[in-house]
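Contents: one structure, followed by commentary.
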Amino acid sequence: MTSTPTPPGKPVRRRASRPAGPTDGKVPEATAVRVSTADSHAATPVPKVVKAVAPPPRRLAPSRLVTRVALACGLVATSVVGAAVAVLIVQQNDAEAVQARNQRFVDTATQTVVNMFSFKPDTIDDSVDQFYDSTSGPLRDMFSQGNNVENLKAIFRETGGSSETVINGAALESFDEISDNAAVLVSARVTASDMNGNNRPSQPYRLRIIVHEDEDGRMTAYDLNYPNGGN
């Protein structure tokens with residue numbers, strides 16, 4: 001490679017033998033320049049995420065207190081239910097007792113009517129005695145006067161026949177708690193027959209039987225009448 005020749009007539013520039021700087025011999029003071037080191041992303045503010053402050057945890061109730069309260073509530077509920085059941089049982093028993101007592105009044109009245117009109121030639125004495133023994137009060141007094149019981153037996157013997165009674169219906173009309181007397185209306189049909197066994201036309205009867213209950217619970221026919229003036 002060939003060097004380029006220096007043009008003739010142009011002086012050659014020499015290098016300075018002193019260091020560069022001011023000529024007065026003073027060393028220049030260094031000036032501090034603050035350079036920001038933040039990057040380009042620091043200029044955009046980053047939004048702060050505010051966390052929701054959770055409420056303080058609820059205070060747990062003591063387990064013993066909860067157990068006692070639950071046990072007390074259970075005992076109270078059980079007592080209430082038990083008392084209600086007991087009341088219902090008592091009411092049911094009372095209703096059944098009243099119904100059974102009313103039925104006994106009706107049964108006594110219907111048996112009285114059957115004893116009055118039912119007999120056979122060979123059972124006249126037993127039938128009349130059974131009827132008389134089941135009476136009390138005014139009805140018993142009526143049959144006990146003037147030897148009426150024996151007279152009734154004699155009348156039945158003279159007919160030489162028999163009589164059969166069928167109860168068509170019976171109902172309790174009223175009950176007096178003071179006297180313990182109940183009025184029972186009885187509907188019956190009586191069919192009598194002669195000594196040859198021939199049946200006579202049946203006769204309907206409607207009777208109001210007054211049934212009395214004594215202190216021992218025994219029920220008897222206290223009185224009787226024919227309602228509306230009929231038989």
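Chain labels run A, B, ... following the order of the structure tokens; each chain numbers its residues from 1, and ligands are numbered from 1 in the order shown.
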
Can you list, as a PyMOL selection string, every protein, DNA or RNA residue that comes within 8 Å of segment 142-154 of chain A when you count only C-alpha atoms, leaving out same-chain residues fewer than 5 positions away?
chain A and resi 124-125+128-129+132

Which residues of segment 63-122 of chain A come within 9 Å of segment 218-222 of chain A, and for each one, what is the closest pair of atoms and their distance in Å to one decimal, counting only C-alpha atoms, sorted by chain and residue number, as a Markdown table?
```
| residue | atom | partner | partner_atom | distance |
| --- | --- | --- | --- | --- |
| A:Arg104 | CA | A:Met219 | CA | 7.9 |
| A:Phe105 | CA | A:Met219 | CA | 7.2 |
| A:Thr108 | CA | A:Met219 | CA | 6.8 |
| A:Ala109 | CA | A:Ala221 | CA | 6.7 |
| A:Thr112 | CA | A:Ala221 | CA | 6.7 |
```

For Asp176 of chain A, which of A:Thr135, A:Ser202, A:Asn102, A:Asn225 is the closest residue, counting only C-alpha atoms?
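Nearest candidate to Asp176 of chain A out of A:Thr135, A:Ser202, A:Asn102, A:Asn225: A:Asn102.
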
Strand (DSSP E) call set, DSSP backbone run, segment 71-187 of chain A, as a PyMOL selection string
chain A and resi 162-176+181-187

Could you write those residues out with C-alpha atoms, as a short mmCIF file (atom, residue, chain, number, x, y, z; two decimals), in the first residue's frame?
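In the end it all went to part_11.cif:
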```cif
data_model
loop_
_atom_site.label_atom_id
_atom_site.label_comp_id
_atom_site.auth_asym_id
_atom_site.auth_seq_id
_atom_site.Cartn_x
_atom_site.Cartn_y
_atom_site.Cartn_z
CA SER A 162 -147.42 -65.41 74.62
CA SER A 163 -146.08 -62.08 73.56
CA GLU A 164 -142.93 -61.01 71.72
CA THR A 165 -141.40 -57.54 71.60
CA VAL A 166 -139.15 -56.09 68.91
CA ILE A 167 -137.37 -52.78 69.55
CA ASN A 168 -137.48 -50.53 66.51
CA GLY A 169 -135.35 -47.77 67.98
CA ALA A 170 -134.30 -45.94 71.13
CA ALA A 171 -132.71 -42.56 71.80
CA LEU A 172 -131.54 -40.63 74.83
CA GLU A 173 -133.62 -37.45 75.10
CA SER A 174 -132.22 -35.76 78.19
CA PHE A 175 -130.23 -36.25 81.37
CA ASP A 176 -130.64 -34.54 84.74
CA ASN A 181 -132.30 -39.46 85.76
CA ALA A 182 -132.28 -39.88 81.99
CA ALA A 183 -135.27 -39.82 79.66
CA VAL A 184 -135.11 -42.41 76.88
CA LEU A 185 -137.67 -42.61 74.09
CA VAL A 186 -138.28 -46.20 72.96
CA SER A 187 -140.17 -47.38 69.89
#
```

Work out how far apart atom CA of Arg101 of chain A and atom CA of Ile210 of chain A are and give it in Å to one decimal.
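Result for atom CA of Arg101 of chain A versus atom CA of Ile210 of chain A: 14.6 Å, one decimal.
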
Closest atom pairs, residues of segment 109-161 of chain A within 12 Å of segment 197-200 of chain A, only C-alpha atoms, as a Markdown table:
```
| residue | atom | partner | partner_atom | distance |
| --- | --- | --- | --- | --- |
| A:Lys120 | CA | A:Gly197 | CA | 10.9 |
| A:Pro121 | CA | A:Gly197 | CA | 11.1 |
| A:Thr159 | CA | A:Gly197 | CA | 11.5 |
| A:Gly160 | CA | A:Gly197 | CA | 9.6 |
| A:Gly161 | CA | A:Gly197 | CA | 7.0 |
```

Go ahead and compute the interatomic distance for atom CA of Gln130 of chain A and atom CA of Gly217 of chain A, in Å to one decimal.
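We find that atom CA of Gln130 of chain A and atom CA of Gly217 of chain A lie 18.7 Å from each other.
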
Tell me, which residues of segment 95-208 of chain A carry DSSP helix (DSSP H, G or I), written as a ChimeraX atom specification?
/A:95-117,121-133,137-159

Neighbouring residues of Asp180 of chain A were defined as those with any atom within 10 Å, considering only C-alpha atoms; residues of the same chain fewer than 6 positions away were excluded. Please report them as a PDB file with C-alpha atoms, in the first residue's frame.
```pdb
ATOM      1  CA  VAL A 211    -134.002 -44.387  83.961  1.00  0.00           C
ATOM      2  CA  HIS A 212    -132.382 -43.692  87.339  1.00  0.00           C
ATOM      3  CA  GLU A 213    -128.738 -44.356  88.237  1.00  0.00           C
ATOM      4  CA  ASP A 214    -128.073 -44.902  91.949  1.00  0.00           C
ATOM      5  CA  GLU A 215    -124.868 -44.281  93.899  1.00  0.00           C
ATOM      6  CA  MET A 219    -129.683 -48.346  86.604  1.00  0.00           C
TER       7      MET A 219
END
```

One decimal, Å: what's the distance from atom CA of Arg189 of chain A over to atom CA of Asp141 of chain A, could you say?
26.4 Å
